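Notes for the one structure printed next.
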Amino acid sequence: MFYATGFHKAALMAAKPKPQLLHKVAGTAVESSPKRARTLSTQSSMKDAFAKYAEYLNNLNDKRERVVKASRDITMNSKKVIFQVHRISKQNKEEVLEKAEKDLADVTTRHVSRLVNELQGTDFWKLRRAYSPGVQEYVEAATLCKFCKTGTLLSLDEINAVLLPLSDPSLEPLQINNLDYILGLADLTGELMRLAIGRISDGELEFAKKICRFVRDIYRELTLLVPHMDDNSDMKMKMDTMLQSTMKIENACFSVHVRGSEYMPLLGSDDPGSFLSGVPDIEL
């Protein structure tokens with residue numbers, strides 16, 4: 001019995017946890033609970049944050065797709081306005097310009113307004129690459145119509161004044177920036193070169209000379225401006241094209257002025273000595 005009783009006591013003492021161990025176990029349980037709660041809370045907040053980021057990026061991508069579509073529609077319909085202007089002649093000048101201005105107004109109200117509605121009140125610089133081609137083509141069409149009608153340059157302030165009524169007064173309006181305006185202006189010189197060659201073929205030498213002076217002034221002013229531009233990689237390429245257009249107009253006007261009416265080749269002449277060599281036909 002003594003040995004049995006001693007054995008039972010030893011077993012009970014071995015089974016009974018020491019007070020120090022109870023405190024350690026209790027302390028571990030108490031300390032581990034808040035840590036687990038904080039971990040779950042952190043995971044939940046991160047999940048919510050990434051869900052918001054995903055929603056933002058999805059909405060931005062959807063907006064970009066709509067902006068690209070609007071820009072393509074602006075580009076396509078602005079080109080139609082430019083082609084309409086190239087139909088101009090001595091007999092139908094007023095009629096053609098009236099039709100071109102009407103088409104340009106339709107581009108503004110139907111397609112540019114869509115772009116304005118998408119971008120107003122937002123940081124539209126984030127999507128500039130998506131809509132810049134359409135804006136440049138719109139500037140090109142608008143400035144071409146203004147020059148053919150008045151012989152003057154349509155300013156950036158005048159273009160933005162047309163766009164301002166399309167915006168909600170309570171939101172930040174979409175305005176064409178200086179870079180897109182200048183890039184569109186550079187493309188304008190190529191269309192003016194084609195217009196000048198067409199007018200020479202039609203016998204309107206004075207109008208061609210007026211175009212020549214206008215294009216030369218634009219090129220001269222931009223040569224002073226482009227070196228000071230921060231983002232001028234596109235402009236450097238367009239400046240080379242602009243110089244070629246200016247030289248073609250000058251050579252055409254000079255040839256007709258020196259040789260007179262005997263030198264009036266048709267547009268797109270295949271004569272290697274013609275000043276029209278290498279100039280593509282106007283697309284109508």
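Following the order of the structure tokens, first chain is A, next is B, and so on, with residues numbered from 1 inside each chain and ligands from 1 in the order they appear.
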
(message) What parts of range 68-283 of chain A does DSSP call alpha helix (DSSP H)? I'd like the answer as number ranges by chain.
(response) A: 68-85, 93-107, 113-119, 128-150, 156-163, 178-201, 205-225, 233-259

(request) Please identify all polymer residues within 10 Å of Leu195 in chain A, counting only C-alpha atoms, omitting same-chain residues fewer than 2 positions from it, and present them as a PyMOL selection string. (result) chain A and resi 85-88+144+148+189-193+197-201+207-208+211+249+282

List as an mmCIF file with N, CA, C and O atoms, in the first residue's frame the protein and nucleic acid residues near Leu179 in chain A, meaning an atom at most 10 Å away when only C-alpha atoms are counted, but skip any in the same chain fewer than 2 places from it.
```
data_model
loop_
_atom_site.group_PDB
_atom_site.id
_atom_site.type_symbol
_atom_site.label_atom_id
_atom_site.label_comp_id
_atom_site.auth_asym_id
_atom_site.auth_seq_id
_atom_site.Cartn_x
_atom_site.Cartn_y
_atom_site.Cartn_z
ATOM 1 N N SER A 132 -5.293 62.161 -78.494
ATOM 2 C CA SER A 132 -4.483 63.171 -79.182
ATOM 3 C C SER A 132 -4.584 63.098 -80.711
ATOM 4 O O SER A 132 -4.714 64.138 -81.369
ATOM 5 N N GLN A 136 -5.737 66.358 -82.969
ATOM 6 C CA GLN A 136 -4.845 66.950 -83.975
ATOM 7 C C GLN A 136 -5.539 67.040 -85.332
ATOM 8 O O GLN A 136 -5.420 68.052 -86.044
ATOM 9 N N ILE A 176 -8.228 71.856 -75.442
ATOM 10 C CA ILE A 176 -7.116 71.394 -76.268
ATOM 11 C C ILE A 176 -5.840 72.061 -75.772
ATOM 12 O O ILE A 176 -5.796 73.273 -75.582
ATOM 13 N N ASN A 177 -4.799 71.268 -75.550
ATOM 14 C CA ASN A 177 -3.550 71.828 -75.032
ATOM 15 C C ASN A 177 -2.676 72.357 -76.155
ATOM 16 O O ASN A 177 -2.922 72.111 -77.345
ATOM 17 N N TYR A 181 -2.348 71.334 -80.354
ATOM 18 C CA TYR A 181 -2.650 72.401 -81.316
ATOM 19 C C TYR A 181 -1.482 72.593 -82.283
ATOM 20 O O TYR A 181 -1.673 72.715 -83.506
ATOM 21 N N ILE A 182 -0.272 72.621 -81.756
ATOM 22 C CA ILE A 182 0.904 72.826 -82.607
ATOM 23 C C ILE A 182 1.114 71.634 -83.541
ATOM 24 O O ILE A 182 1.473 71.796 -84.714
ATOM 25 N N LEU A 183 0.892 70.415 -83.029
ATOM 26 C CA LEU A 183 1.025 69.236 -83.878
ATOM 27 C C LEU A 183 -0.008 69.252 -85.008
ATOM 28 O O LEU A 183 0.296 68.890 -86.153
ATOM 29 N N GLY A 184 -1.229 69.672 -84.704
ATOM 30 C CA GLY A 184 -2.242 69.804 -85.752
ATOM 31 C C GLY A 184 -1.895 70.887 -86.745
ATOM 32 O O GLY A 184 -2.153 70.759 -87.952
ATOM 33 N N LEU A 185 -1.294 71.960 -86.252
ATOM 34 C CA LEU A 185 -0.883 73.060 -87.124
ATOM 35 C C LEU A 185 0.229 72.613 -88.076
ATOM 36 O O LEU A 185 0.273 73.035 -89.245
ATOM 37 N N MET A 229 10.639 73.284 -76.700
ATOM 38 C CA MET A 229 9.580 72.388 -76.254
ATOM 39 C C MET A 229 10.182 71.202 -75.518
ATOM 40 O O MET A 229 11.225 70.675 -75.907
ATOM 41 N N ASP A 230 9.497 70.774 -74.447
ATOM 42 C CA ASP A 230 9.970 69.618 -73.677
ATOM 43 C C ASP A 230 9.746 68.315 -74.437
ATOM 44 O O ASP A 230 10.637 67.490 -74.563
ATOM 45 N N ASP A 231 8.537 68.123 -74.939
ATOM 46 C CA ASP A 231 8.184 66.902 -75.660
ATOM 47 C C ASP A 231 8.107 67.234 -77.147
ATOM 48 O O ASP A 231 7.057 67.503 -77.695
ATOM 49 N N ASN A 232 9.273 67.252 -77.814
ATOM 50 C CA ASN A 232 9.318 67.698 -79.203
ATOM 51 C C ASN A 232 9.762 66.612 -80.166
ATOM 52 O O ASN A 232 10.185 66.897 -81.281
ATOM 53 N N ASP A 234 7.907 64.302 -81.659
ATOM 54 C CA ASP A 234 6.983 64.265 -82.796
ATOM 55 C C ASP A 234 7.163 65.492 -83.683
ATOM 56 O O ASP A 234 7.084 65.403 -84.910
ATOM 57 N N MET A 235 7.397 66.632 -83.056
ATOM 58 C CA MET A 235 7.526 67.868 -83.830
ATOM 59 C C MET A 235 8.777 67.872 -84.693
ATOM 60 O O MET A 235 8.776 68.450 -85.782
#
```

(message) Let me make sure I understand: among A:Glu118, A:Glu95, A:Glu250, A:Asp48, which one has the smallest atom-to-atom distance to Ser167 in chain A if we use only C-alpha atoms?
(response)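 Using only C-alpha atoms, Ser167 in chain A sits closest to A:Glu118.
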
(request) Give the answer as one residue: which of A:Asn251, A:Gln84, A:Thr108, A:Ser170 has the shortest atom-to-atom distance to Gln120 in chain A, using only C-alpha atoms? (result)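 The shortest atom-to-atom distance to Gln120 in chain A comes from A:Ser170.
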
(request) Can you work out which one of A:Met46, A:Ala252, A:Ala161, A:Val81 has the shortest atom-to-atom distance to Glu140 in chain A, counting only C-alpha atoms? (result)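 The closest residue to Glu140 in chain A is A:Val81.
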
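Interatomic distance, CA of Asp73 in chain A to CA of Ala186 in chain A: 21.1 Å.
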
(request) Take CA of Leu174 in chain A and CA of Val162 in chain A and report the distance between them in Å, one decimal. (result)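 If I compute the distance from CA of Leu174 in chain A to CA of Val162 in chain A, I get 11.2 Å.
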